[in-house]
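Below: the structure, in structure tokens.
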Amino acid sequence: MPVRVHLDELLTARSMTLTELSERVGITLANLSILKTGKARAVRFSTLEALCVALECQPGELLSREA
Amino acid sequence: MTTPSPAPLSTSRGLLWFDRLLRLMTVVFIVGTIAYLGTVVTGSSGGVGVEATVEPPLVISLDDGPSIPLAADGQIDDRALDLEHGEVRASIRLSENDTDARAVVALSGVAVMVALWTGLVVARRIVRAAREGNPFDPRNVRRLRVLAGLFVLVPAGSEVSSRLLSSAVDADPRLQVSVGSPDWGVLVLVGLGLLALAEVFSEGVALRDLDQATI
């Protein structure tokens, strides 16, 4: 998939587990796993905003486009 | 290891009543199939519809009987004759020696039964998937295409069997012998409608998959 989600890197940097993130943003662990593994086909702006708030980052840090 | 519990069925009244209608039709089909197979086995089936357009005065000549001049509608022996604007329709029972024609009629009937049963089973599975909360099951796309195909195949099959029957009974070329002549136009229209619905469902499946993969 050309757009990559840097969830692993940000979770490590923030010393947070996927479970903790799931509880903070209100997204199920299964859906976060789909996002983490690059199997998601679309992301809602509301989800992106919730993730950025929980991870204290900008959307550009969370998402990048591979060449 | 626990077995997954079955999905709760939808309480939609429309789906519920349609499901009940299909169940009732299944019972009727079972009875009809047993009755039809009984006539095939005992050889009491074998009536064939004959259609012809002739100019009056009308004279009906049968192989096993005298020529019968007709001036009005009526019934002669066990043969019902309907005169309508110079068009003659007759239902003739095939003799026991006419094995070729009887075989064609019986096989045509069995083929129609198979098509009807296939359609009924497919329709019940479509409704079942919808009642389980999964109307956009990818299998429903294929099922709708099967139903559409049946609506086109039945008149095509009827045409084939009529041609086979014509050669089997060695009828006068002026007579069009058939086991039944469905309205091509209506059936093809219904088939096209079902095909269009199948494509709509295909799009629905794609949109549902996209929605499920949207976080």
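Here, A, B, ... name the chains of the structure tokens in the order displayed, residue numbers run from 1 inside each chain, and ligands are numbered from 1 in the same displayed order.
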
Checklist entry - Would you list which chain B residues are within 8 Å of chain A using only C-alpha atoms, as a count of residues only? => result 4

Checklist outcome for this item: Closest of A:Val25, A:Ala30, A:Leu10, A:Met16 to Pro59 of chain A, counting only C-alpha atoms, is A:Leu10

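Interatomic distance, atom CA of Trp117 of chain B to atom CA of Ser202 of chain B: 24.4 Å.
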
Checklist outcome for this item: atom CA of Leu164 of chain B to atom CA of Val121 of chain B measures 29.0 Å

Next on the checklist: So that I can check the secondary structure, give me every residue of segment 101-205 of chain B assigned alpha helix (DSSP H) by backbone DSSP, as a PyMOL selection string.
Outcome noted: chain B and resi 101-131+138-169+184-205

Next on the checklist: Considering only C-alpha atoms, can you say which of A:Lys36, A:Gly26, A:Leu51, A:Cys57 comes closest to Ala13 of chain A?
Outcome noted: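 Of A:Lys36, A:Gly26, A:Leu51, A:Cys57, the one nearest Ala13 of chain A is A:Cys57, counting only C-alpha atoms.
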
Output as a PDB file with N, CA and C atoms, in the first residue's frame all residues of segment 2-67 of chain A that backbone DSSP marks as strand (DSSP E).
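Final output, selection_22.pdb:
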ATOM      1  N   VAL A   3       0.473   4.316   1.078  1.00  0.00           N
ATOM      2  CA  VAL A   3       0.477   5.153   2.286  1.00  0.00           C
ATOM      3  C   VAL A   3       0.796   4.264   3.482  1.00  0.00           C
ATOM      4  N   ARG A   4       1.807   4.650   4.231  1.00  0.00           N
ATOM      5  CA  ARG A   4       2.249   3.832   5.363  1.00  0.00           C
ATOM      6  C   ARG A   4       1.867   4.494   6.680  1.00  0.00           C
ATOM      7  N   VAL A   5       1.477   3.679   7.646  1.00  0.00           N
ATOM      8  CA  VAL A   5       1.088   4.178   8.968  1.00  0.00           C
ATOM      9  C   VAL A   5       2.219   3.851   9.938  1.00  0.00           C
ATOM     10  N   LEU A  63       1.389   9.387   9.132  1.00  0.00           N
ATOM     11  CA  LEU A  63       1.211   8.839   7.782  1.00  0.00           C
ATOM     12  C   LEU A  63       2.316   9.355   6.867  1.00  0.00           C
ATOM     13  N   SER A  64       2.748   8.500   5.974  1.00  0.00           N
ATOM     14  CA  SER A  64       3.700   8.923   4.945  1.00  0.00           C
ATOM     15  C   SER A  64       3.409   8.129   3.689  1.00  0.00           C
ATOM     16  N   ARG A  65       3.803   8.708   2.583  1.00  0.00           N
ATOM     17  CA  ARG A  65       3.555   8.021   1.319  1.00  0.00           C
ATOM     18  C   ARG A  65       4.858   7.445   0.798  1.00  0.00           C
TER      19      ARG A  65
END

Do you know which residues are at most 12 Å from Gly32 of chain B counting only C-alpha atoms, after dropping those on the same chain fewer than 3 positions away, and could you put them as a tab-separated table (two decimals) with C-alpha atoms, in the first residue's frame?
chain	number	residue	atom	x	y	z
B	25	MET	CA	-43.96	-22.57	-2.03
B	26	THR	CA	-41.44	-25.24	-1.09
B	27	VAL	CA	-44.23	-27.40	0.34
B	28	VAL	CA	-46.37	-26.83	-2.76
B	29	PHE	CA	-43.41	-27.68	-4.99
B	35	ALA	CA	-47.48	-35.65	-8.42
B	36	TYR	CA	-45.67	-34.87	-11.65
B	37	LEU	CA	-43.10	-37.63	-11.20
B	38	GLY	CA	-46.00	-39.97	-10.53
B	39	THR	CA	-47.58	-39.12	-13.89
B	109	GLY	CA	-41.19	-31.44	-17.57
B	110	VAL	CA	-38.30	-32.73	-15.47
B	113	MET	CA	-38.99	-28.94	-12.36
B	116	LEU	CA	-38.03	-24.26	-10.62
B	117	TRP	CA	-36.39	-26.08	-7.69

Checklist entry - What is the distance, in Å and to one decimal place, between atom CA of Thr12 of chain A and atom CA of Gln212 of chain B? => result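 Value for the atom CA of Thr12 of chain A-atom CA of Gln212 of chain B distance: 27.5 Å.
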
Can you tell me which residues surround Arg13 of chain B at a distance of at most 12 Å, considering only C-alpha atoms, apart from same-chain residues fewer than 6 positions away, and format the answer as a CSV table (one decimal) with C-alpha atoms, in the first residue's frame?
chain,number,residue,atom,x,y,z
B,19,ASP,CA,-39.4,-16.1,3.8
B,20,ARG,CA,-42.7,-17.7,4.9
B,131,ARG,CA,-32.4,-12.2,7.4
